[in-house]
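Visitor: This is the structure I want to talk about, given as structure tokens.
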Number of protein chains: 2
Amino acid sequence: LSSIKENALVWDVGSTKEKLCAMISEHPKRNQFLATHPIAGKENSGPEYAIEGMFADKIQIICESYKTRDDLLEWSKSIFISLGMRLRFMEAKENDSSMAYVSHLSHISSFMLAKTVLETKKINNILDLAGSGFESTVRLAKSSPDMWAPIFQQNRENVIETLDVYIHNLLNFKQYLIDKDYQSLHEQMKTTNTLTNILNRINKNK
Amino acid sequence: LSSIKENALVWDVGSTKEKLCAMISEHPKRNQFLATHPIAGKENSGPEYAIEGMFADKIQIICESYKTRDDLLEWSKSIFISLGMRLRFMEAKENDSSMAYVSHLSHISSFMLAKTVLETKKINNILDLAGSGFESTVRLAKSSPDMWAPIFQQNRENVIETLDVYIHNLLNFKQYLIDKDYQSLHEQMKTTNTLTNILNRINKNK
């Protein structure tokens with residue numbers, strides 16, 4: 001940022017925003033910086049996995065847009081819109097706390113599911129038996145540790161909070177099993193089905 | 001089973017086998033029963049979600065095949081093969097303990113992930129921000145509680161065991177975050193990547 005010319009702009013496209021935005025808040029060229037978070041991409045890393053049209057109809061989160069110079073902001077928006085992105089404006093704090101729930105926790109649950117299965121002694125016999133459901137839940141465990149370790153580091157407090165809730169829910173589910181309380185087990189899954197109904201509705205409205 | 005004719009056969013197609021097979025082990029018509037577990041299907045339930053060719057190239061687990069009358073077993077196998085299924089023979093106990101890892105735990109992790117996100121106060125604001133990774137990990141939370149509560153009940157001991165390992169791994173991951181031990185976090189994710197490499201290799205060999 002310090003070395004760019006007067007009409008240049010730096011885009012940040014990472015998953016977390018709060019620490020980075022705080023770090024550069026007093027930078028003399030803060031208004032030549034735009035904090036963005038495109039919700040797009042796959043678990044694979046590297047140029048060989050490039051996808052044409054990847055940003056079409058995808059969300060682009062823009063944080064603290066009012067801190068970016070008007071002409072540079074407008075120029076950026078016109079590019080995002082020409083890619084077919086849907087813009088959402090929010091504070092850095094909101095991006096980070098939201099992502100802990102709808103992105104970072106998913107990755108941890110997937111990584112730890114993969115780890116749990118890897119640790120069984122009969123790993124070579126059971127993976128052949130895995131169906132598409134298992135592959136769907138461990139898909140994110142293919143993600144790059146080089147990319148994700150720093151994300152968890154940057155969003156440490158929020159991620160610990162979501163992990164606490166998640167682990168609490170798992171312990172609760174296990175307790176129902178121990179108590180043979182299958183009625184509560186059923187009710188809890190029934191309630192949870194509503195999330196997927198909401199997701200289906202959102203996808204239809206897109 | 002008690003009411004079927006001499007040349008009739010009962011197929012079981014459920015996810016768990018141990019308790020059912022034990023229950024009918026002394027039945028006078030035990031040899032007119034075949035315990036099968038097709039690893040196929042989606043999270044949706046009901047005839048409106050029927051998929052043509054659903055069993056092609058999918059695994060069909062057959063348990064205790066030696067307890068089924070030869071002609072009925074051969075007849076069943078010819079049908080499964082004509083559907084394009086790949087047959088795997090094993091004991092009921094092995095089906096149940098394997099499924100706890102590669103199927104039942106995936107469903108619980110997905111249900112509890114959905115529950116965790118549902119419980120946040122800002123649920124309506126954040127779901128719109130979810131990407132395809134989140135949808136992949138919560139896909140199984142659409143599954144029917146009517147189908148899954150009895151599966152968890154039947155496979156209670158194995159599921160509790162896998163949940164214990166999974167929760168332990170999550171607590172461990174959380175501890176790395178608390179300790180700011182990002183090196184260990186990175187190494188753990190790196191190791192976990194190997195599972196997905198194994199899965200990719202299996203898929204290629206199919």
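Letters A, B, ... go to the chains of the structure tokens in the order shown; residues in each chain start at 1; ligands are counted from 1 in the same order.
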Please report, as a PyMOL selection string, each residue of chain A to which DSSP assigns strand (DSSP E or B) when run on this structure's backbone.

Guide: chain A and resi 10-12+33-38+59-63+86-90

Visitor: Pick out the residues sitting within 10 Å of B:Gln188, and hand them over as an mmCIF file with N, CA, C and O atoms, in the first residue's frame; count only C-alpha atoms, and ignore anything fewer than 5 positions along from it in its own chain.

Guide:
data_model
loop_
_atom_site.group_PDB
_atom_site.id
_atom_site.type_symbol
_atom_site.label_atom_id
_atom_site.label_comp_id
_atom_site.auth_asym_id
_atom_site.auth_seq_id
_atom_site.Cartn_x
_atom_site.Cartn_y
_atom_site.Cartn_z
ATOM 1 N N PHE A 111 -12.493 -30.951 8.496
ATOM 2 C CA PHE A 111 -11.119 -31.399 8.781
ATOM 3 C C PHE A 111 -11.127 -32.444 9.905
ATOM 4 O O PHE A 111 -10.447 -33.472 9.815
ATOM 5 N N MET A 112 -11.877 -32.194 10.952
ATOM 6 C CA MET A 112 -11.859 -33.104 12.104
ATOM 7 C C MET A 112 -12.608 -34.407 11.808
ATOM 8 O O MET A 112 -12.274 -35.461 12.335
ATOM 9 N N LYS A 115 -10.071 -36.370 9.996
ATOM 10 C CA LYS A 115 -9.071 -36.857 10.949
ATOM 11 C C LYS A 115 -9.605 -38.062 11.739
ATOM 12 O O LYS A 115 -8.914 -39.057 11.936
ATOM 13 N N PRO A 145 -4.026 -26.062 4.039
ATOM 14 C CA PRO A 145 -3.645 -25.589 5.379
ATOM 15 C C PRO A 145 -2.898 -24.257 5.311
ATOM 16 O O PRO A 145 -3.020 -23.437 6.221
ATOM 17 N N ALA A 149 -4.822 -22.062 8.020
ATOM 18 C CA ALA A 149 -4.239 -21.810 9.345
ATOM 19 C C ALA A 149 -4.237 -20.305 9.643
ATOM 20 O O ALA A 149 -4.655 -19.887 10.739
ATOM 21 N N PHE B 173 -8.337 -29.365 18.653
ATOM 22 C CA PHE B 173 -8.182 -28.270 17.689
ATOM 23 C C PHE B 173 -8.435 -26.920 18.376
ATOM 24 O O PHE B 173 -7.691 -25.955 18.181
ATOM 25 N N TYR B 182 -0.282 -22.275 16.203
ATOM 26 C CA TYR B 182 -0.707 -22.351 14.798
ATOM 27 C C TYR B 182 0.110 -23.345 13.985
ATOM 28 O O TYR B 182 -0.321 -23.820 12.947
ATOM 29 N N GLN B 183 1.302 -23.669 14.490
ATOM 30 C CA GLN B 183 2.130 -24.677 13.838
ATOM 31 C C GLN B 183 1.449 -26.057 13.907
ATOM 32 O O GLN B 183 1.319 -26.753 12.899
ATOM 33 N N ASN B 193 -5.291 -33.818 5.006
ATOM 34 C CA ASN B 193 -5.392 -33.775 3.541
ATOM 35 C C ASN B 193 -5.199 -35.162 2.916
ATOM 36 O O ASN B 193 -5.726 -35.441 1.849
#

Visitor: Find the residues around stretch 64-76 of chain B up to 10 Å (only C-alpha atoms counted), leave out those fewer than 6 positions away in its own chain, and share them as a VMD selection string.

Guide: chain B and resid 7 to 11 17 21 25 29 to 36 82 89 to 92

Visitor: Please report as JSON, numbers by chain which residues of chain B come no farther than 6 Å from chain A, using only C-alpha atoms.

Guide: {"B": [39, 98, 102, 103, 106, 115, 116, 126, 130, 131, 134, 136, 137, 142, 145, 149, 166, 186, 189, 190, 192, 193, 196]}

Visitor: Name all residues at most 7 Å from B:Ala56 (count only C-alpha atoms; drop same-chain ones fewer than 5 positions away) and give them as a PyMOL selection string.

Guide: chain B and resi 83-85

Visitor: Residues of the last selection are to be written out with all heavy atoms, as a PDB file, in the first residue's frame.

Guide:
ATOM      1  N   LEU B  83     -28.176 -54.357 -11.964  1.00  0.00           N
ATOM      2  CA  LEU B  83     -28.347 -52.917 -11.685  1.00  0.00           C
ATOM      3  C   LEU B  83     -27.004 -52.183 -11.727  1.00  0.00           C
ATOM      4  O   LEU B  83     -26.947 -50.966 -11.581  1.00  0.00           O
ATOM      5  CB  LEU B  83     -28.965 -52.718 -10.286  1.00  0.00           C
ATOM      6  CG  LEU B  83     -30.435 -53.101 -10.092  1.00  0.00           C
ATOM      7  CD1 LEU B  83     -30.791 -53.077  -8.609  1.00  0.00           C
ATOM      8  CD2 LEU B  83     -31.349 -52.163 -10.879  1.00  0.00           C
ATOM      9  N   GLY B  84     -25.925 -52.956 -11.881  1.00  0.00           N
ATOM     10  CA  GLY B  84     -24.595 -52.343 -11.946  1.00  0.00           C
ATOM     11  C   GLY B  84     -23.918 -52.179 -10.603  1.00  0.00           C
ATOM     12  O   GLY B  84     -22.921 -51.451 -10.478  1.00  0.00           O
ATOM     13  N   MET B  85     -24.436 -52.864  -9.584  1.00  0.00           N
ATOM     14  CA  MET B  85     -23.865 -52.691  -8.232  1.00  0.00           C
ATOM     15  C   MET B  85     -22.596 -53.529  -8.053  1.00  0.00           C
ATOM     16  O   MET B  85     -22.412 -54.546  -8.713  1.00  0.00           O
ATOM     17  CB  MET B  85     -24.905 -53.064  -7.172  1.00  0.00           C
ATOM     18  CG  MET B  85     -26.183 -52.271  -7.314  1.00  0.00           C
ATOM     19  SD  MET B  85     -27.329 -52.518  -5.915  1.00  0.00           S
ATOM     20  CE  MET B  85     -26.671 -51.309  -4.743  1.00  0.00           C
TER      21      MET B  85
END

Visitor: Per DSSP on the backbone, what are the helix (DSSP H, G or I) residues of chain B, as a count of residues only?

Guide: 130
